Each structure stands twice: as structure tokens, then as C-alpha cells.
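Novice: So that you have it, the file is start.pdb, and it contains PDB, C-alpha atoms:
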```
ATOM      1  CA  MET A 371      96.736  99.010 117.648
ATOM      2  CA  ILE A 372      93.986 100.489 115.484
ATOM      3  CA  GLU A 373      91.006 101.893 117.346
ATOM      4  CA  LEU A 374      87.759 100.448 116.017
ATOM      5  CA  ASP A 375      85.261 103.279 115.627
ATOM      6  CA  PHE A 376      81.992 101.978 114.183
ATOM      7  CA  THR A 377      80.088 105.256 114.597
ATOM      8  CA  ARG A 378      80.772 106.297 110.993
ATOM      9  CA  CYS A 379      79.383 103.130 109.423
ATOM     10  CA  PRO A 380      76.314 104.051 107.333
ATOM     11  CA  LEU A 381      74.712 100.798 108.516
ATOM     12  CA  PRO A 382      75.747  99.850 112.058
ATOM     13  CA  PRO A 383      77.405  96.423 112.074
ATOM     14  CA  TYR A 384      76.016  93.581 114.162
ATOM     15  CA  ALA A 385      78.129  92.096 116.975
ATOM     16  CA  HIS A 386      79.484  89.270 114.787
ATOM     17  CA  GLN A 387      80.421  91.818 112.089
ATOM     18  CA  ARG A 388      82.252  94.013 114.628
ATOM     19  CA  GLU A 389      84.187  90.930 115.742
ATOM     20  CA  GLY A 390      84.995  90.100 112.096
ATOM     21  CA  VAL A 391      86.266  93.644 111.498
ATOM     22  CA  ARG A 392      88.460  93.404 114.584
ATOM     23  CA  LEU A 393      89.936  90.129 113.350
ATOM     24  CA  LEU A 394      90.499  91.505 109.838
ATOM     25  CA  VAL A 395      92.255  94.614 111.174
ATOM     26  CA  ASP A 396      94.397  92.617 113.621
ATOM     27  CA  HIS A 397      95.418  89.854 111.178
ATOM     28  CA  PRO A 398      97.025  90.827 107.865
ATOM     29  CA  VAL A 399      96.301  87.381 106.416
ATOM     30  CA  PHE A 400      92.818  86.222 107.329
ATOM     31  CA  ALA A 401      89.829  84.297 105.996
ATOM     32  CA  LEU A 402      86.160  84.900 106.794
ATOM     33  CA  PHE A 403      84.028  81.790 106.413
ATOM     34  CA  ASP A 404      80.679  83.170 107.564
ATOM     35  CA  GLU A 405      77.380  81.934 106.211
ATOM     36  CA  GLN A 406      76.020  83.499 103.043
ATOM     37  CA  GLY A 407      74.263  86.807 103.544
ATOM     38  CA  VAL A 408      75.608  87.716 106.991
ATOM     39  CA  GLY A 409      77.758  90.667 105.929
ATOM     40  CA  LYS A 410      81.257  89.542 104.985
ATOM     41  CA  THR A 411      81.511  92.327 102.394
ATOM     42  CA  HIS A 412      80.356  94.875 104.970
ATOM     43  CA  GLN A 413      83.127  93.684 107.300
ATOM     44  CA  VAL A 414      85.785  93.979 104.591
ATOM     45  CA  ILE A 415      84.692  97.501 103.558
ATOM     46  CA  THR A 416      84.560  98.722 107.168
ATOM     47  CA  ALA A 417      87.978  97.255 108.001
ATOM     48  CA  ALA A 418      89.432  98.760 104.808
ATOM     49  CA  CYS A 419      88.123 102.216 105.796
ATOM     50  CA  MET A 420      89.803 101.875 109.186
ATOM     51  CA  LEU A 421      93.101 100.717 107.687
ATOM     52  CA  PHE A 422      93.045 103.544 105.118
ATOM     53  CA  GLU A 423      92.582 106.143 107.852
ATOM     54  CA  GLN A 424      95.598 104.712 109.675
ATOM     55  CA  GLY A 425      97.735 104.868 106.505
ATOM     56  CA  VAL A 426      98.137 101.086 106.363
ATOM     57  CA  ILE A 427      96.513 100.648 102.920
ATOM     58  CA  ASP A 428      95.648 102.855  99.966
ATOM     59  CA  LYS A 429      94.094 100.282  97.629
ATOM     60  CA  VAL A 430      91.800  97.283  97.888
ATOM     61  CA  LEU A 431      91.978  94.787  95.039
ATOM     62  CA  VAL A 432      88.919  92.516  95.043
ATOM     63  CA  VAL A 433      88.991  89.380  92.887
ATOM     64  CA  CYS A 434      85.572  87.746  92.705
ATOM     65  CA  PRO A 435      83.309  85.669  90.441
ATOM     66  CA  ALA A 436      81.767  87.627  87.541
ATOM     67  CA  ALA A 437      78.297  87.331  89.076
ATOM     68  CA  VAL A 438      79.510  89.039  92.277
ATOM     69  CA  ARG A 439      81.422  91.931  90.674
ATOM     70  CA  GLY A 440      78.327  94.158  90.485
ATOM     71  CA  VAL A 441      77.395  93.297  94.073
ATOM     72  CA  TRP A 442      80.604  95.045  95.089
ATOM     73  CA  ALA A 443      80.884  97.799  92.509
ATOM     74  CA  HIS A 444      77.453  98.898  91.251
ATOM     75  CA  GLU A 445      77.258 102.670  91.687
ATOM     76  CA  GLU A 446      73.601 102.737  92.766
ATOM     77  CA  TRP A 447      73.011  99.570  94.818
ATOM     78  CA  GLY A 448      76.393  97.883  95.333
ATOM     79  CA  GLU A 449      77.889  97.054  98.708
ATOM     80  CA  LEU A 450      80.495  99.803  98.384
ATOM     81  CA  LYS A 451      77.715 102.353  97.867
ATOM     82  CA  LYS A 452      76.001 101.043 101.022
ATOM     83  CA  HIS A 453      78.971 100.671 103.349
ATOM     84  CA  LEU A 454      81.737 103.145 102.437
ATOM     85  CA  TRP A 455      82.119 105.838 105.048
ATOM     86  CA  SER A 456      81.040 109.243 103.767
ATOM     87  CA  SER A 457      84.221 110.773 105.272
ATOM     88  CA  ILE A 458      86.486 108.480 103.226
ATOM     89  CA  PRO A 459      87.446 109.767  99.771
ATOM     90  CA  ALA A 460      87.236 106.705  97.533
ATOM     91  CA  ARG A 461      87.521 105.778  93.873
ATOM     92  CA  ILE A 462      85.858 102.591  92.682
ATOM     93  CA  MET A 463      87.162 100.977  89.498
ATOM     94  CA  GLU A 464      85.369  98.002  88.008
ATOM     95  CA  PHE A 465      87.514  96.098  85.531
ATOM     96  CA  HIS A 466      85.343  94.456  82.895
ATOM     97  CA  ALA A 467      85.142  94.860  79.117
ATOM     98  CA  LYS A 468      85.598  98.567  79.865
ATOM     99  CA  ILE A 469      86.905 100.085  83.074
ATOM    100  CA  LYS A 470      84.050 101.801  84.917
ATOM    101  CA  THR A 471      84.996 104.374  87.549
ATOM    102  CA  TRP A 472      83.058 106.360  90.132
ATOM    103  CA  ASP A 473      84.008 108.402  93.177
ATOM    104  CA  SER A 474      82.581 108.499  96.676
ATOM    105  CA  GLY A 475      83.128 110.847  99.609
ATOM    106  CA  PRO A 476      84.845 114.222  99.681
ATOM    107  CA  GLU A 477      87.341 115.453  97.093
ATOM    108  CA  ALA A 478      90.893 114.637  98.104
ATOM    109  CA  ALA A 479      94.296 114.129  96.543
ATOM    110  CA  LEU A 480      94.610 110.725  98.216
ATOM    111  CA  ARG A 481      91.667 108.365  97.719
ATOM    112  CA  LEU A 482      91.109 104.825  98.898
ATOM    113  CA  GLN A 483      90.961 102.923  95.623
ATOM    114  CA  PHE A 484      88.802  99.845  95.230
ATOM    115  CA  VAL A 485      89.661  97.799  92.137
ATOM    116  CA  ILE A 486      87.033  95.134  91.451
ATOM    117  CA  LEU A 487      87.585  92.389  88.886
ATOM    118  CA  ASN A 488      86.461  88.862  88.245
ATOM    119  CA  TYR A 489      88.588  85.727  88.092
ATOM    120  CA  GLU A 490      88.075  85.321  84.351
ATOM    121  CA  TRP A 491      89.405  88.835  83.730
ATOM    122  CA  ALA A 492      92.535  88.113  85.768
ATOM    123  CA  ARG A 493      93.186  84.851  83.897
ATOM    124  CA  SER A 494      94.066  86.787  80.731
ATOM    125  CA  LYS A 495      97.827  87.378  80.785
ATOM    126  CA  SER A 496      97.561  90.721  78.961
ATOM    127  CA  ARG A 497      94.862  91.961  81.333
ATOM    128  CA  LEU A 498      96.793  90.733  84.339
ATOM    129  CA  GLN A 499      99.813  92.736  83.137
ATOM    130  CA  GLN A 500      97.530  95.787  82.866
ATOM    131  CA  LEU A 501      96.484  95.272  86.498
ATOM    132  CA  LEU A 502      99.869  94.624  88.144
ATOM    133  CA  PRO A 503     100.844  98.347  88.339
ATOM    134  CA  PHE A 504      97.900  98.820  90.752
ATOM    135  CA  CYS A 505      99.523  96.376  93.170
ATOM    136  CA  THR A 506     101.784  98.029  95.720
ATOM    137  CA  PRO A 507     102.919  97.230  99.252
ATOM    138  CA  LYS A 508      99.872  99.176 100.507
ATOM    139  CA  THR A 509      97.380  97.142  98.456
ATOM    140  CA  LEU A 510      94.976  94.888 100.313
ATOM    141  CA  LEU A 511      94.116  91.806  98.250
ATOM    142  CA  VAL A 512      90.614  90.390  98.871
ATOM    143  CA  ILE A 513      89.749  87.001  97.382
ATOM    144  CA  ASP A 514      85.951  86.802  97.339
ATOM    145  CA  GLU A 515      84.395  83.362  96.985
ATOM    146  CA  ALA A 516      87.852  81.941  97.599
ATOM    147  CA  THR A 517      86.711  78.434  96.694
ATOM    148  CA  ALA A 518      87.229  79.543  93.065
ATOM    149  CA  VAL A 519      90.977  79.258  93.699
ATOM    150  CA  LYS A 520      91.626  75.542  93.564
ATOM    151  CA  THR A 521      94.500  73.635  92.058
ATOM    152  CA  SER A 522      97.930  75.256  91.780
ATOM    153  CA  ARG A 523      98.082  74.345  88.070
ATOM    154  CA  ALA A 524      94.945  76.290  87.144
ATOM    155  CA  GLN A 525      95.461  79.574  85.275
ATOM    156  CA  GLN A 526      93.010  81.271  87.650
ATOM    157  CA  THR A 527      95.023  80.232  90.700
ATOM    158  CA  LYS A 528      98.284  81.284  89.052
ATOM    159  CA  ALA A 529      96.819  84.729  88.344
ATOM    160  CA  VAL A 530      95.686  85.189  91.957
ATOM    161  CA  LEU A 531      99.090  84.083  93.240
ATOM    162  CA  GLN A 532     100.820  86.538  90.899
ATOM    163  CA  LEU A 533      98.604  89.335  92.253
ATOM    164  CA  ARG A 534      99.419  88.263  95.794
ATOM    165  CA  ARG A 535     103.157  88.378  95.118
ATOM    166  CA  ALA A 536     102.792  91.851  93.567
ATOM    167  CA  CYS A 537     101.054  93.161  96.705
ATOM    168  CA  VAL A 538     103.788  91.981  99.097
ATOM    169  CA  CYS A 539     105.665  94.575 101.090
ATOM    170  CA  PHE A 540     109.256  93.617 101.664
ATOM    171  CA  GLN A 541     109.522  95.573 104.907
ATOM    172  CA  ALA A 542     109.328  93.080 107.746
ATOM    173  CA  GLU A 543     106.939  95.139 109.845
ATOM    174  CA  ALA A 544     104.392  95.573 107.047
ATOM    175  CA  GLY A 545     104.218  92.051 105.638
ATOM    176  CA  ILE A 546     101.461  90.785 103.375
ATOM    177  CA  ARG A 547      97.865  91.843 103.740
ATOM    178  CA  ASP A 548      95.309  89.626 102.063
ATOM    179  CA  TRP A 549      91.916  88.367 103.085
ATOM    180  CA  SER A 550      89.725  85.607 101.732
ATOM    181  CA  VAL A 551      85.951  85.651 102.140
ATOM    182  CA  THR A 552      83.677  82.752 101.315
ATOM    183  CA  GLY A 553      80.080  82.077 102.201
ATOM    184  CA  VAL A 554      79.407  78.665 103.644
ATOM    185  CA  GLN A 555      76.135  76.818 103.762
ATOM    186  CA  THR A 556      75.156  75.084 106.973
TER
END
```
Represent the structure of the file as C-alpha cells.
Specialist:
Amino acid sequence: MIELDFTRCPLPPYAHQREGVRLLVDHPVFALFDEQGVGKTHQVITAACMLFEQGVIDKVLVVCPAAVRGVWAHEEWGELKKHLWSSIPARIMEFHAKIKTWDSGPEAALRLQFVILNYEWARSKSRLQQLLPFCTPKTLLVIDEATAVKTSRAQQTKAVLQLRRACVCFQAEAGIRDWSVTGVQT
């Protein structure tokens, strides 16, 4: 059981966000279907920090639409900049035409790695092959705007499924860890 300590969050989460973090931490496979703008990304980042501290994960692979990639990864105003705990050593890698990298938190040999890429990038077989070595049993796969994964015949869906298979731990107690987050309109 992972203790949920929200005191290190740069922006204190609201009650519904604390509940979302608890559910994410407790359920290796989970989907958040909160309304747009209520902090799904905050919940994912906070839960990832907690899981990293417990040694459960060492990487977070975020697959998202191209328009959302900067929302996660921008070094000055992105969600990772806002919500990563200052005590967590992290490396953020944004896969685009070039790979952009920046670090957060204290220097450390072991860093929580966030790899951010868009669906279109993952659809390319050569780029997908470049990405697969980042996938390990301790990689958390986050599918942002999960409605972009539709039919099983689509190249985009096949790429996401290949990433999911690459992140599977074959030890029974560890299992798969992947989360989907999608904003819904009411």
C-alpha cells in the first residue's frame, strides 16, 4: 500500500484530484474520464511521482495528440513544469522532429523519465522502433486523449498496442501499468 503524501505537490490537488491519484496508484490499469480542464494531467504526474518514490516505475511514456504534446512537455509553462515535485529528479524528453530534453529536480543517478510523443510520431514504424528500447517493465504507459485510439486495424492503434506490449512485466506481481486519460464534455 503506497502512502499518499500530497504535501510535496507544488499546487495542492483538489479533493477529486486526490481521489483520482488514489485510484491511479491502486489500479495498474485505469482510465480517467474527467471533464476537460479539471486536472487529469496533474493527477497522472502526482501519481507517477509517488510510484517512482516507491520504486514501482522509472519511466512514464505519454502518447498524446500533437496539439497536447507541449501542454505536457514545455519547459517553461508545461504541466510537468507546474506539477513535478521538486524533490523528484526527472528528465523530460519530447519526441518530435528532434528530441528535446530538459531536467527537473536535484541531480541524481536515477531519474524519473517522462517521454512525451504524439500519435503521429508513433505511427512511423522506424520511429516506433527507436522508441521501444525506452519501454521496460517499470514503464508506465499513459494514453492521453484515448479516444484517438479507435479501430484495431488503424496504424495508430497498432502502434499504441505495440508500446503496451513492450511495457508489460512478466512477473505476476508487477503486471501491466497503463492509464488512459480523456476529457469528456457534459
Novice: Report, in Å with one decimal, the straight-line distance from atom CA of A:Ile415 to atom CA of A:Val430.
Specialist: 9.1 Å
Novice: Need the axis-aligned box for stretch 467-482 of chain A with 4 Å each side, so what are the centre and edges in Å to one decimal, as AutoDock Vina command-line options?
Specialist:
```
--center_x 88.6 --center_y 105.2 --center_z 89.4 --size_x 20.0 --size_y 28.6 --size_z 28.6
```
Novice: Have a look at atom CA of A:Thr471 and atom CA of A:Trp491 and let me know their distance in Å, one decimal.
Specialist: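 Going from atom CA of A:Thr471 over to atom CA of A:Trp491, I get 16.6 Å.
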Novice: If you count all atoms listed in the file, which residues fall within 12 Å of A:Ala385, apart from same-chain ones fewer than 6 positions away, as a PDB file with C-alpha atoms, in the coordinates of the input?
Specialist:
```
ATOM      1  CA  PHE A 376      81.992 101.978 114.183  1.00  0.00           C
ATOM      2  CA  VAL A 391      86.266  93.644 111.498  1.00  0.00           C
ATOM      3  CA  ARG A 392      88.460  93.404 114.584  1.00  0.00           C
ATOM      4  CA  VAL A 408      75.608  87.716 106.991  1.00  0.00           C
ATOM      5  CA  GLY A 409      77.758  90.667 105.929  1.00  0.00           C
ATOM      6  CA  GLN A 413      83.127  93.684 107.300  1.00  0.00           C
TER       7      GLN A 413
END
```
Novice: Expand the PyMOL selection byres ((chain A and resi 481) around 10) into the individual residues it matches in the shown file, reporting them as a PyMOL selection string.
Specialist: chain A and resi 422+428-429+458-462+473-480+482-484
Novice: Which residue out of A:Asn488, A:Gln424, A:Ser457, A:Thr416 has the minimum interatomic distance to A:Val519 when all atoms listed in the file are used?
Specialist: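 Comparing A:Asn488, A:Gln424, A:Ser457, A:Thr416 against A:Val519, the winner is A:Asn488.
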Novice: Any idea what the distance is between atom CA of A:Phe403 and atom CA of A:Gly425?
Specialist: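 Straight-line distance from atom CA of A:Phe403 to atom CA of A:Gly425 works out to 26.8 Å.
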Novice: My list of candidates is A:Glu445, A:Glu464, A:Glu515, A:Glu423. Which is closest to A:Asp375 when distances are computed with all atoms listed in the file?
Specialist: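 Distance minimum relative to A:Asp375 lands on A:Glu423.
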Novice: Looking at all atoms listed in the file, which of A:Asp404, A:Ala518, A:His453, A:Leu431 is the one that sits closest to A:Leu501?
Specialist: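 Smallest distance to A:Leu501 is found for A:Leu431.
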Novice: What lies within 9 Å of A:Val433 using only C-alpha atoms, ignoring chain neighbours under 2 positions off, as a ChimeraX atom specification?
Specialist: /A:431,435,439,485-489,492,511-516,530
Novice: Name the closest residue to A:Gly440 among the candidates A:Thr377, A:Pro398, A:His412, A:His466; distances are taken between atoms, counting all atoms listed in the file.
Specialist: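 With all atoms listed in the file as the atom set, the closest residue is A:His466.
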Novice: Please determine, counting only C-alpha atoms, which residue among A:Leu498, A:Val438, A:Val399, A:Gly390 has the shortest atom-to-atom distance to A:Gln526.
Specialist: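 With only C-alpha atoms as the atom set, the closest residue is A:Leu498.
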Novice: At a cut-off of 9 Å, using only C-alpha atoms, what residues contact A:Leu502? Leave out same-chain residues fewer than 5 positions from it and give the result as a PDB file with C-alpha atoms, in the frame of the given file.
Specialist:
```pdb
ATOM      1  CA  ARG A 497      94.862  91.961  81.333  1.00  0.00           C
ATOM      2  CA  GLN A 532     100.820  86.538  90.899  1.00  0.00           C
ATOM      3  CA  LEU A 533      98.604  89.335  92.253  1.00  0.00           C
ATOM      4  CA  ALA A 536     102.792  91.851  93.567  1.00  0.00           C
ATOM      5  CA  CYS A 537     101.054  93.161  96.705  1.00  0.00           C
TER       6      CYS A 537
END
```
Novice: Starting from the displayed file, determine the output of the PyMOL selection byres ((chain A and resi 372) around 8) and express the residue list as number ranges by chain.
Specialist: A: 371, 373-374, 395, 420-421, 424
Novice: My structure is short of atoms at stretch 426-437 of chain A; please model all heavy atoms there, returning them as a PDB file, keeping the file's coordinate frame.
Specialist:
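That gives us result-v2.pdb:
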```
ATOM      1  N   VAL A 426      97.635 102.450 106.578  1.00  0.00           N
ATOM      2  CA  VAL A 426      98.137 101.086 106.363  1.00  0.00           C
ATOM      3  C   VAL A 426      97.948 100.656 104.911  1.00  0.00           C
ATOM      4  O   VAL A 426      98.812 100.002 104.331  1.00  0.00           O
ATOM      5  CB  VAL A 426      97.449 100.089 107.323  1.00  0.00           C
ATOM      6  CG1 VAL A 426      97.890  98.660 107.051  1.00  0.00           C
ATOM      7  CG2 VAL A 426      97.720 100.479 108.770  1.00  0.00           C
ATOM      8  N   ILE A 427      96.805 101.021 104.310  1.00  0.00           N
ATOM      9  CA  ILE A 427      96.513 100.648 102.920  1.00  0.00           C
ATOM     10  C   ILE A 427      96.082 101.894 102.159  1.00  0.00           C
ATOM     11  O   ILE A 427      95.646 102.891 102.744  1.00  0.00           O
ATOM     12  CB  ILE A 427      95.419  99.559 102.810  1.00  0.00           C
ATOM     13  CG1 ILE A 427      94.072 100.086 103.317  1.00  0.00           C
ATOM     14  CG2 ILE A 427      95.834  98.287 103.525  1.00  0.00           C
ATOM     15  CD1 ILE A 427      92.886  99.186 102.981  1.00  0.00           C
ATOM     16  N   ASP A 428      96.206 101.809 100.823  1.00  0.00           N
ATOM     17  CA  ASP A 428      95.648 102.855  99.966  1.00  0.00           C
ATOM     18  C   ASP A 428      94.832 102.278  98.816  1.00  0.00           C
ATOM     19  O   ASP A 428      94.190 103.018  98.081  1.00  0.00           O
ATOM     20  CB  ASP A 428      96.728 103.802  99.446  1.00  0.00           C
ATOM     21  CG  ASP A 428      97.792 103.111  98.603  1.00  0.00           C
ATOM     22  OD1 ASP A 428      97.644 101.913  98.282  1.00  0.00           O
ATOM     23  OD2 ASP A 428      98.784 103.774  98.260  1.00  0.00           O
ATOM     24  N   LYS A 429      94.875 100.952  98.671  1.00  0.00           N
ATOM     25  CA  LYS A 429      94.094 100.282  97.629  1.00  0.00           C
ATOM     26  C   LYS A 429      93.539  98.976  98.172  1.00  0.00           C
ATOM     27  O   LYS A 429      94.147  98.337  99.030  1.00  0.00           O
ATOM     28  CB  LYS A 429      94.958  99.947  96.413  1.00  0.00           C
ATOM     29  CG  LYS A 429      95.427 101.122  95.618  1.00  0.00           C
ATOM     30  CD  LYS A 429      96.241 100.643  94.423  1.00  0.00           C
ATOM     31  CE  LYS A 429      97.032 101.773  93.835  1.00  0.00           C
ATOM     32  NZ  LYS A 429      98.257 102.067  94.572  1.00  0.00           N
ATOM     33  N   VAL A 430      92.386  98.586  97.608  1.00  0.00           N
ATOM     34  CA  VAL A 430      91.800  97.283  97.888  1.00  0.00           C
ATOM     35  C   VAL A 430      91.535  96.645  96.529  1.00  0.00           C
ATOM     36  O   VAL A 430      90.797  97.202  95.711  1.00  0.00           O
ATOM     37  CB  VAL A 430      90.484  97.387  98.686  1.00  0.00           C
ATOM     38  CG1 VAL A 430      89.904  96.006  98.942  1.00  0.00           C
ATOM     39  CG2 VAL A 430      90.705  98.145  99.988  1.00  0.00           C
ATOM     40  N   LEU A 431      92.152  95.527  96.284  1.00  0.00           N
ATOM     41  CA  LEU A 431      91.978  94.787  95.039  1.00  0.00           C
ATOM     42  C   LEU A 431      91.094  93.593  95.350  1.00  0.00           C
ATOM     43  O   LEU A 431      91.483  92.719  96.131  1.00  0.00           O
ATOM     44  CB  LEU A 431      93.337  94.345  94.508  1.00  0.00           C
ATOM     45  CG  LEU A 431      93.356  93.523  93.236  1.00  0.00           C
ATOM     46  CD1 LEU A 431      92.777  94.309  92.064  1.00  0.00           C
ATOM     47  CD2 LEU A 431      94.780  93.088  92.919  1.00  0.00           C
ATOM     48  N   VAL A 432      89.882  93.582  94.784  1.00  0.00           N
ATOM     49  CA  VAL A 432      88.919  92.516  95.043  1.00  0.00           C
ATOM     50  C   VAL A 432      88.822  91.645  93.797  1.00  0.00           C
ATOM     51  O   VAL A 432      88.460  92.119  92.723  1.00  0.00           O
ATOM     52  CB  VAL A 432      87.519  93.081  95.387  1.00  0.00           C
ATOM     53  CG1 VAL A 432      86.523  91.949  95.613  1.00  0.00           C
ATOM     54  CG2 VAL A 432      87.595  93.996  96.600  1.00  0.00           C
ATOM     55  N   VAL A 433      89.144  90.356  93.958  1.00  0.00           N
ATOM     56  CA  VAL A 433      88.991  89.380  92.887  1.00  0.00           C
ATOM     57  C   VAL A 433      87.798  88.511  93.269  1.00  0.00           C
ATOM     58  O   VAL A 433      87.765  87.946  94.365  1.00  0.00           O
ATOM     59  CB  VAL A 433      90.260  88.518  92.707  1.00  0.00           C
ATOM     60  CG1 VAL A 433      90.112  87.601  91.509  1.00  0.00           C
ATOM     61  CG2 VAL A 433      91.503  89.399  92.572  1.00  0.00           C
ATOM     62  N   CYS A 434      86.813  88.435  92.375  1.00  0.00           N
ATOM     63  CA  CYS A 434      85.572  87.746  92.705  1.00  0.00           C
ATOM     64  C   CYS A 434      84.981  87.089  91.447  1.00  0.00           C
ATOM     65  O   CYS A 434      85.406  87.396  90.333  1.00  0.00           O
ATOM     66  CB  CYS A 434      84.562  88.736  93.296  1.00  0.00           C
ATOM     67  SG  CYS A 434      84.138  90.108  92.206  1.00  0.00           S
ATOM     68  N   PRO A 435      84.000  86.215  91.610  1.00  0.00           N
ATOM     69  CA  PRO A 435      83.309  85.669  90.441  1.00  0.00           C
ATOM     70  C   PRO A 435      82.594  86.795  89.676  1.00  0.00           C
ATOM     71  O   PRO A 435      82.200  87.808  90.257  1.00  0.00           O
ATOM     72  CB  PRO A 435      82.295  84.691  91.037  1.00  0.00           C
ATOM     73  CG  PRO A 435      82.825  84.367  92.390  1.00  0.00           C
ATOM     74  CD  PRO A 435      83.534  85.606  92.853  1.00  0.00           C
ATOM     75  N   ALA A 436      82.411  86.609  88.380  1.00  0.00           N
ATOM     76  CA  ALA A 436      81.767  87.627  87.541  1.00  0.00           C
ATOM     77  C   ALA A 436      80.394  88.016  88.088  1.00  0.00           C
ATOM     78  O   ALA A 436      80.034  89.196  88.079  1.00  0.00           O
ATOM     79  CB  ALA A 436      81.654  87.125  86.101  1.00  0.00           C
ATOM     80  N   ALA A 437      79.646  87.054  88.581  1.00  0.00           N
ATOM     81  CA  ALA A 437      78.297  87.331  89.076  1.00  0.00           C
ATOM     82  C   ALA A 437      78.304  88.201  90.329  1.00  0.00           C
ATOM     83  O   ALA A 437      77.290  88.820  90.659  1.00  0.00           O
ATOM     84  CB  ALA A 437      77.567  86.019  89.361  1.00  0.00           C
TER      85      ALA A 437
END
```
